[in-house]
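What follows is entry.txt (compact mmCIF, C-alpha atoms).
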# COMPACT_ATOMS: atom_id res chain seq x y z
CA MET A 1 3.36 -10.71 8.88
CA SER A 2 3.45 -7.96 11.53
CA LYS A 3 5.61 -8.40 14.60
CA ILE A 4 4.15 -9.36 17.96
CA ASN A 5 4.12 -6.37 20.33
CA ILE A 6 5.19 -7.09 23.90
CA LEU A 7 5.19 -4.92 27.02
CA ILE A 8 7.80 -5.71 29.69
CA THR A 9 7.13 -4.91 33.34
CA GLU A 10 10.24 -5.56 35.42
CA ASP A 11 11.66 -3.38 38.20
CA GLU A 12 15.25 -4.60 37.83
CA SER A 13 16.61 -2.53 34.93
CA ILE A 14 19.40 -4.97 34.07
CA VAL A 15 16.95 -7.87 33.90
CA ALA A 16 14.51 -5.77 31.84
CA LYS A 17 17.21 -4.90 29.29
CA ASP A 18 18.24 -8.55 29.09
CA ILE A 19 14.63 -9.55 28.37
CA GLN A 20 14.32 -6.79 25.77
CA MET A 21 17.44 -7.99 23.94
CA SER A 22 16.21 -11.59 23.99
CA LEU A 23 12.79 -10.60 22.62
CA LYS A 24 14.30 -8.54 19.81
CA LYS A 25 16.62 -11.41 18.93
CA LEU A 26 13.58 -13.69 18.74
CA GLY A 27 11.83 -11.30 16.35
CA TYR A 28 9.37 -9.63 18.73
CA ASN A 29 8.74 -5.90 19.10
CA VAL A 30 9.04 -4.37 22.58
CA THR A 31 6.50 -1.55 22.95
CA GLY A 32 7.77 -0.42 26.33
CA ILE A 33 9.46 -1.25 29.61
CA CYS A 34 7.77 -0.39 32.92
CA ASN A 35 9.14 -0.78 36.43
CA ASN A 36 5.88 -0.57 38.38
CA GLY A 37 2.29 -1.72 38.15
CA GLU A 38 0.67 1.69 37.67
CA ASP A 39 2.88 2.51 34.66
CA ALA A 40 2.23 -0.95 33.23
CA ILE A 41 -1.53 -0.36 33.24
CA ARG A 42 -1.19 3.10 31.66
CA THR A 43 1.22 1.87 28.99
CA ALA A 44 -0.94 -1.15 28.19
CA GLU A 45 -3.97 1.13 27.75
CA GLU A 46 -1.98 3.45 25.48
CA HIS A 47 -0.18 0.93 23.27
CA ARG A 48 -2.46 -2.13 23.51
CA PRO A 49 0.35 -4.73 23.21
CA ASP A 50 -0.39 -8.29 22.12
CA ILE A 51 1.00 -9.67 25.38
CA VAL A 52 2.48 -8.46 28.68
CA LEU A 53 5.45 -9.99 30.49
CA MET A 54 4.85 -9.13 34.14
CA ASP A 55 7.22 -9.57 37.06
CA ILE A 56 5.19 -10.84 40.02
CA MET A 57 7.27 -9.03 42.66
CA LEU A 58 7.34 -5.29 41.86
CA LYS A 59 8.43 -2.41 44.04
CA GLY A 60 5.78 0.09 45.03
CA ASP A 61 2.18 -0.07 46.18
CA MET A 62 0.94 -2.31 43.38
CA SER A 63 2.21 -5.85 42.88
CA GLY A 64 2.57 -7.50 39.50
CA ILE A 65 -0.38 -9.70 40.39
CA ASP A 66 -2.62 -6.67 41.02
CA ALA A 67 -1.48 -4.96 37.82
CA ALA A 68 -2.05 -8.12 35.80
CA ASP A 69 -5.57 -8.44 37.18
CA GLN A 70 -6.42 -4.87 36.13
CA ILE A 71 -4.96 -5.31 32.63
CA ARG A 72 -6.84 -8.56 32.10
CA LYS A 73 -10.17 -7.11 33.23
CA ARG A 74 -9.87 -3.79 31.41
CA LEU A 75 -8.09 -4.76 28.21
CA ASN A 76 -8.28 -8.55 27.76
CA ILE A 77 -4.54 -8.74 27.10
CA PRO A 78 -2.85 -12.05 27.94
CA ILE A 79 -0.34 -11.94 30.79
CA ILE A 80 2.77 -14.07 31.30
CA PHE A 81 4.32 -13.83 34.74
CA LEU A 82 8.05 -13.52 35.25
CA THR A 83 9.19 -14.72 38.62
CA ALA A 84 12.13 -16.00 40.58
CA TYR A 85 9.65 -17.21 43.19
CA ALA A 86 7.98 -20.49 42.29
CA ASP A 87 6.66 -21.30 45.76
CA GLU A 88 3.10 -22.55 46.16
CA SER A 89 1.86 -19.45 47.98
CA THR A 90 3.00 -17.06 45.25
CA LEU A 91 1.62 -19.22 42.44
CA SER A 92 -1.72 -19.59 44.24
CA LYS A 93 -2.12 -15.81 44.37
CA ALA A 94 -0.97 -15.37 40.79
CA LYS A 95 -3.25 -18.00 39.23
CA ILE A 96 -6.37 -16.11 40.34
CA THR A 97 -5.58 -13.55 37.61
CA GLU A 98 -5.76 -16.35 34.99
CA PRO A 99 -2.27 -15.86 33.48
CA TYR A 100 -1.30 -17.52 30.22
CA GLY A 101 1.99 -18.83 31.56
CA TYR A 102 4.94 -18.48 33.90
CA ILE A 103 8.58 -17.95 33.08
CA ILE A 104 10.96 -18.77 35.92
CA LYS A 105 14.05 -16.55 36.12
CA PRO A 106 16.72 -17.13 35.03
CA PHE A 107 15.24 -18.36 31.75
CA LYS A 108 16.41 -19.60 28.37
CA GLU A 109 15.36 -17.93 25.12
CA ILE A 110 13.66 -21.12 23.95
CA ASP A 111 11.49 -21.06 27.08
CA LEU A 112 10.64 -17.43 26.41
CA ARG A 113 9.59 -18.08 22.81
CA THR A 114 7.64 -21.26 23.64
CA THR A 115 5.68 -19.64 26.47
CA ILE A 116 4.85 -16.54 24.41
CA GLU A 117 3.71 -18.51 21.36
CA MET A 118 1.57 -20.88 23.42
CA ALA A 119 -0.02 -17.96 25.27
CA LEU A 120 -0.84 -16.12 22.04
CA TYR A 121 -2.33 -19.25 20.50
CA LYS A 122 -4.45 -19.99 23.57
CA HIS A 123 -5.71 -16.39 23.73
CA GLN A 124 -6.58 -16.41 20.02
CA LYS A 125 -8.58 -19.62 20.37
CA GLU A 126 -10.41 -18.33 23.43
CA ASP A 127 -11.35 -15.17 21.54
CA GLU A 128 -12.64 -17.25 18.63
CA VAL A 129 -14.80 -19.34 20.97
CA LYS A 130 -16.13 -16.20 22.68
CA LYS A 131 -17.00 -14.55 19.34
CA GLU A 132 -18.74 -17.71 18.15
CA ARG A 133 -20.67 -18.01 21.42
CA ASP A 134 -21.71 -14.35 21.31
CA PHE A 135 -22.77 -14.78 17.68
CA LEU A 136 -24.92 -17.78 18.55
CA TYR A 137 -26.46 -15.97 21.50
CA SER A 138 -27.30 -13.01 19.27
CA ILE A 139 -29.06 -15.35 16.87
CA VAL A 140 -31.04 -16.97 19.65
CA GLU A 141 -32.07 -13.55 21.00
CA ASN A 142 -32.98 -12.25 17.55
CA LYS A 143 -36.73 -12.71 17.20
CA ASP A 144 -36.50 -12.41 13.41
CA ALA A 145 -34.34 -15.54 13.40
CA LYS A 146 -36.43 -17.61 15.79
CA ASP A 147 -37.04 -20.29 13.15
CA ILE A 148 -33.32 -20.75 12.49
CA ILE A 149 -30.43 -22.09 14.52
CA PHE A 150 -26.78 -22.28 13.58
CA VAL A 151 -24.82 -25.43 14.38
CA LYS A 152 -21.10 -26.04 14.13
CA SER A 153 -20.14 -28.64 11.53
CA ASN A 154 -16.56 -29.27 10.33
CA SER A 155 -15.36 -25.87 11.64
CA ARG A 156 -18.27 -24.11 9.89
CA LEU A 157 -21.48 -22.61 11.22
CA VAL A 158 -24.34 -24.14 9.27
CA LYS A 159 -27.83 -22.66 9.15
CA VAL A 160 -30.54 -25.16 10.07
CA ARG A 161 -34.24 -24.36 9.81
CA THR A 162 -36.09 -25.69 12.83
CA LYS A 163 -38.90 -26.97 10.57
CA ASP A 164 -36.37 -29.41 9.07
CA ILE A 165 -35.40 -30.92 12.43
CA TYR A 166 -36.96 -34.31 13.15
CA PHE A 167 -35.48 -35.05 16.55
CA VAL A 168 -32.56 -34.34 18.86
CA GLU A 169 -30.79 -37.18 20.65
CA ALA A 170 -28.45 -37.02 23.65
CA LEU A 171 -25.19 -38.97 23.46
CA LYS A 172 -23.14 -38.55 26.66
CA ASP A 173 -21.63 -35.04 26.50
CA TYR A 174 -22.96 -34.39 23.01
CA VAL A 175 -26.30 -33.99 21.26
CA VAL A 176 -27.14 -35.06 17.71
CA ILE A 177 -29.52 -32.88 15.72
CA ASN A 178 -31.26 -35.03 13.11
CA THR A 179 -32.80 -33.41 10.04
CA SER A 180 -34.29 -34.98 6.92
CA ASN A 181 -30.91 -35.14 5.18
CA ALA A 182 -28.17 -34.52 7.77
CA ARG A 183 -26.96 -35.21 11.30
CA TYR A 184 -25.06 -32.62 13.33
CA THR A 185 -23.15 -33.67 16.44
CA ILE A 186 -22.39 -30.78 18.78
CA HIS A 187 -21.03 -30.37 22.29
CA SER A 188 -24.07 -29.24 24.27
CA THR A 189 -26.74 -30.39 26.71
CA MET A 190 -30.37 -31.31 26.16
CA LYS A 191 -31.46 -28.51 28.49
CA ASP A 192 -29.55 -25.95 26.42
CA ILE A 193 -31.02 -27.25 23.15
CA GLU A 194 -34.49 -27.37 24.67
CA ARG A 195 -34.24 -23.67 25.58
CA LYS A 196 -33.34 -22.79 21.99
CA LEU A 197 -36.29 -24.64 20.40
CA SER A 198 -39.85 -23.37 20.48
CA PRO A 199 -42.04 -25.26 23.00
CA ASN A 200 -44.93 -24.86 20.55
CA GLU A 201 -43.06 -26.92 17.96
CA PHE A 202 -40.87 -29.29 19.97
CA ILE A 203 -41.37 -31.50 23.00
CA ARG A 204 -39.07 -33.57 25.12
CA VAL A 205 -40.44 -37.12 25.22
CA HIS A 206 -37.54 -38.83 26.93
CA ARG A 207 -34.46 -37.77 28.89
CA SER A 208 -32.48 -38.47 25.70
CA PHE A 209 -34.92 -37.30 23.00
CA ILE A 210 -36.61 -34.10 21.83
CA VAL A 211 -38.94 -34.42 18.82
CA ARG A 212 -40.73 -32.02 16.51
CA LEU A 213 -44.46 -32.33 17.11
CA ASP A 214 -45.57 -32.12 13.47
CA LYS A 215 -43.19 -34.96 12.53
CA ILE A 216 -45.01 -37.46 14.77
CA VAL A 217 -47.12 -39.87 12.67
CA ALA A 218 -47.98 -42.53 15.23
CA ILE A 219 -47.69 -43.46 18.89
CA GLU A 220 -47.19 -47.13 19.69
CA GLN A 221 -46.56 -47.28 23.41
CA PRO A 222 -43.89 -47.13 24.66
CA ASN A 223 -42.58 -45.52 21.45
CA LEU A 224 -43.56 -42.94 18.89
CA ILE A 225 -42.91 -42.97 15.13
CA LEU A 226 -41.71 -39.99 13.11
CA GLU A 227 -42.14 -39.23 9.40
CA ASP A 228 -39.59 -41.02 7.22
CA GLU A 229 -37.87 -42.39 10.32
CA LYS A 230 -37.57 -46.14 10.80
CA LYS A 231 -36.09 -45.73 14.26
CA PRO A 232 -38.79 -45.60 16.98
CA ILE A 233 -38.36 -42.92 19.64
CA PRO A 234 -38.94 -44.09 23.24
CA ILE A 235 -41.41 -42.21 25.43
CA GLY A 236 -40.20 -41.77 29.00
CA GLY A 237 -42.70 -42.40 31.77
CA SER A 238 -42.34 -38.93 33.26
CA TYR A 239 -42.95 -37.30 29.85
CA LYS A 240 -46.20 -39.10 28.87
CA ASP A 241 -48.55 -36.53 30.39
CA ASP A 242 -46.82 -33.58 28.70
CA LEU A 243 -46.98 -35.37 25.36
CA ALA A 244 -50.69 -36.14 25.80
CA LYS A 245 -51.40 -32.44 26.44
CA LYS A 246 -49.55 -31.41 23.28
CA ILE A 247 -51.30 -33.70 20.78
CA ASN A 248 -54.91 -33.46 19.70
CA GLN A 249 -56.12 -36.85 20.78
CA VAL A 250 -59.69 -37.98 19.95

Can you present the structure in this file as structure tokens?
Amino acid sequence: MSKINILITEDESIVAKDIQMSLKKLGYNVTGICNNGEDAIRTAEEHRPDIVLMDIMLKGDMSGIDAADQIRKRLNIPIIFLTAYADESTLSKAKITEPYGYIIKPFKEIDLRTTIEMALYKHQKEDEVKKERDFLYSIVENKDAKDIIFVKSNSRLVKVRTKDIYFVEALKDYVVINTSNARYTIHSTMKDIERKLSPNEFIRVHRSFIVRLDKIVAIEQPNLILEDEKKPIPIGGSYKDDLAKKINQV
């Protein structure tokens, strides 16, 4: 397993060397030591470390907070702030840059390791979520895949053909996609699901239900019946007119 690469930005040389020794003892690789914000940005761009330890109070025109903000925006590298100042004003300014942790000087090596490992784990998970979200968005935008959606099930992305969906039901902060042979519970909203399904094939009939039009076999007010489904689906009063326009009633 390759070592974690860390960039140190600290304008007190003795403190910087102490941090470097602690990191090496803990098994990390130090890619560089900078004493000002401008050098930190340049070094981060050149070496692309896995994480940056950034002193909040740096000498010069650029503070550690400003440098951290630039590194986060340009390079998406997680930042951990080093500070001897834990007052509310300083922390309020620092948190705007969305750091992955704070280490208060003087620190213990166990605190250093714990904060670094937690920051790396959090950043990894956030990247995974972003990649998954971008992947799903690309599928939704892909016209060739308009009849397919991917849903997350047991840490996997499962392909579901929209023609196999019977209905979607809202359950608090989740929605349940019901097909002929499976149920998928995902963290989403009805509005978001509604946007992803074709209005020519699906209709919302209740604040908590979206149904596939060609699965409707009967309407028994105030409910409708779907193919192979024993559970009646309620029709909300404000959705009756839209449903009537969608079906070919004689």

Around all of segment 65-68 of chain A's listed atoms, make the axis-aligned box with 8 Å on each side and tell me centre and edge lengths in Å to one decimal, as JSON.
{"center_x": -1.5, "center_y": -7.3, "center_z": 38.4, "size_x": 18.2, "size_y": 20.7, "size_z": 21.2}

| field | Interatomic distance, atom CA of Leu171 of chain A to atom CA of Lys131 of chain A (Å, one decimal) | value |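 For atom CA of Leu171 of chain A relative to atom CA of Lys131 of chain A, the distance reads 26.1 Å.
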
| message | Quick one: residues within 12 Å of Val160 of chain A, all atoms listed in the file, excluding same-chain residues fewer than 4 positions away - as a ChimeraX atom specification? | response | /A:145-153,164-166,177-184,197

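Among the candidate residues A:Val176, A:Val211, A:Ile8, A:Ile71, the one lying nearest to Lys246 of chain A is A:Val211, with distances computed using only C-alpha atoms.
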
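The interatomic distance for the pair atom CA of Pro222 of chain A and atom CA of Tyr174 of chain A works out to 24.6 Å.
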
| request: Find the spatial neighbours of Gly237 of chain A, counting all atoms listed in the file, within a cut-off of 10 Å - ignore same-chain residues fewer than 5 positions away - and output them as a PyMOL selection string. | output: chain A and resi 205-207+222

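Across the structure, atom CA of Ala119 of chain A and atom CA of Met62 of chain A are spaced 24.0 Å apart.
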
| task | Find, counting all atoms listed in the file, the residue in A:Ile225, A:Ile103, A:Met190, A:Cys34 that gets nearest to Glu12 of chain A. | result |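 Answer, going by the shortest atom-to-atom distance: A:Cys34.
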
| Residue with smallest distance to Arg48 of chain A - pool A:Gly60, A:Pro78, A:Gly27, A:Pro199, counting all atoms listed in the file | A:Pro78

| task | Name the closest residue to Phe202 of chain A among the candidates A:Leu243, A:Leu120, A:Ile79, A:Ile186; distances are taken between atoms, counting all atoms listed in the file. | result |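 Using all atoms listed in the file, the shortest distance to Phe202 of chain A belongs to A:Leu243.
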
| said: Residues near Leu224 of chain A, anyone? I mean within 12 Å using only C-alpha atoms, not counting same-chain ones fewer than 2 positions away, as a list in words. | reply: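 Everything that qualifies: Phe167, Val205, His206, Phe209, Ile210, Val211, Arg212, Leu213, Lys215, Ile216, Val217, Ala218, Ile219, Glu220, Gln221, Pro222, Leu226, Glu227, Glu229, Lys230, Lys231, Pro232, Ile233, Pro234, Ile235, Gly236, Lys240 and Leu243 of chain A.
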
| Between A:Thr97, A:Gln70, A:Thr43, A:Thr9, which is the closest to Leu58 of chain A once you count only C-alpha atoms? |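 Of A:Thr97, A:Gln70, A:Thr43, A:Thr9, the one nearest Leu58 of chain A, counting only C-alpha atoms, is A:Thr9.
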
| query | Which residue out of A:Ile96, A:Ile116, A:Leu91, A:Ile65 has the minimum interatomic distance to Tyr28 of chain A when all atoms listed in the file are used? | reply |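 Once distances to Tyr28 of chain A are computed over all atoms listed in the file, the minimum belongs to A:Ile116.
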
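Using only C-alpha atoms, the contacts of Glu45 of chain A at a cut-off of 12 Å, with sequence neighbours closer than 5 positions omitted, comprise Leu7, Thr31, Gly32, Glu38, Asp39, Ala40, Asp50, Val52, Gln70, Ile71, Arg72, Lys73, Arg74, Leu75, Asn76 and Ile77 of chain A.
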
| Close residues, segment 104-106 of chain A itself excluded, 12 Å, all atoms listed in the file, min 6 positions apart in chain, as a list of chain:residue names | A:Glu10, A:Val15, A:Ala16, A:Asp18, A:Ile19, A:Leu53, A:Met54, A:Asp55, A:Ile56, A:Ile80, A:Phe81, A:Leu82, A:Thr83, A:Ala84, A:Tyr85, A:Ala86, A:Asp87, A:Leu91, A:Leu112, A:Thr115

Write a file of the just-selected residues containing C-alpha atoms, as a compact mmCIF listing (two decimals), keeping the file's coordinate frame.
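For reference, out35.txt as written:
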# COMPACT_ATOMS: atom_id res chain seq x y z
CA GLU A 10 10.24 -5.56 35.42
CA VAL A 15 16.95 -7.87 33.90
CA ALA A 16 14.51 -5.77 31.84
CA ASP A 18 18.24 -8.55 29.09
CA ILE A 19 14.63 -9.55 28.37
CA LEU A 53 5.45 -9.99 30.49
CA MET A 54 4.85 -9.13 34.14
CA ASP A 55 7.22 -9.57 37.06
CA ILE A 56 5.19 -10.84 40.02
CA ILE A 80 2.77 -14.07 31.30
CA PHE A 81 4.32 -13.83 34.74
CA LEU A 82 8.05 -13.52 35.25
CA THR A 83 9.19 -14.72 38.62
CA ALA A 84 12.13 -16.00 40.58
CA TYR A 85 9.65 -17.21 43.19
CA ALA A 86 7.98 -20.49 42.29
CA ASP A 87 6.66 -21.30 45.76
CA LEU A 91 1.62 -19.22 42.44
CA LEU A 112 10.64 -17.43 26.41
CA THR A 115 5.68 -19.64 26.47
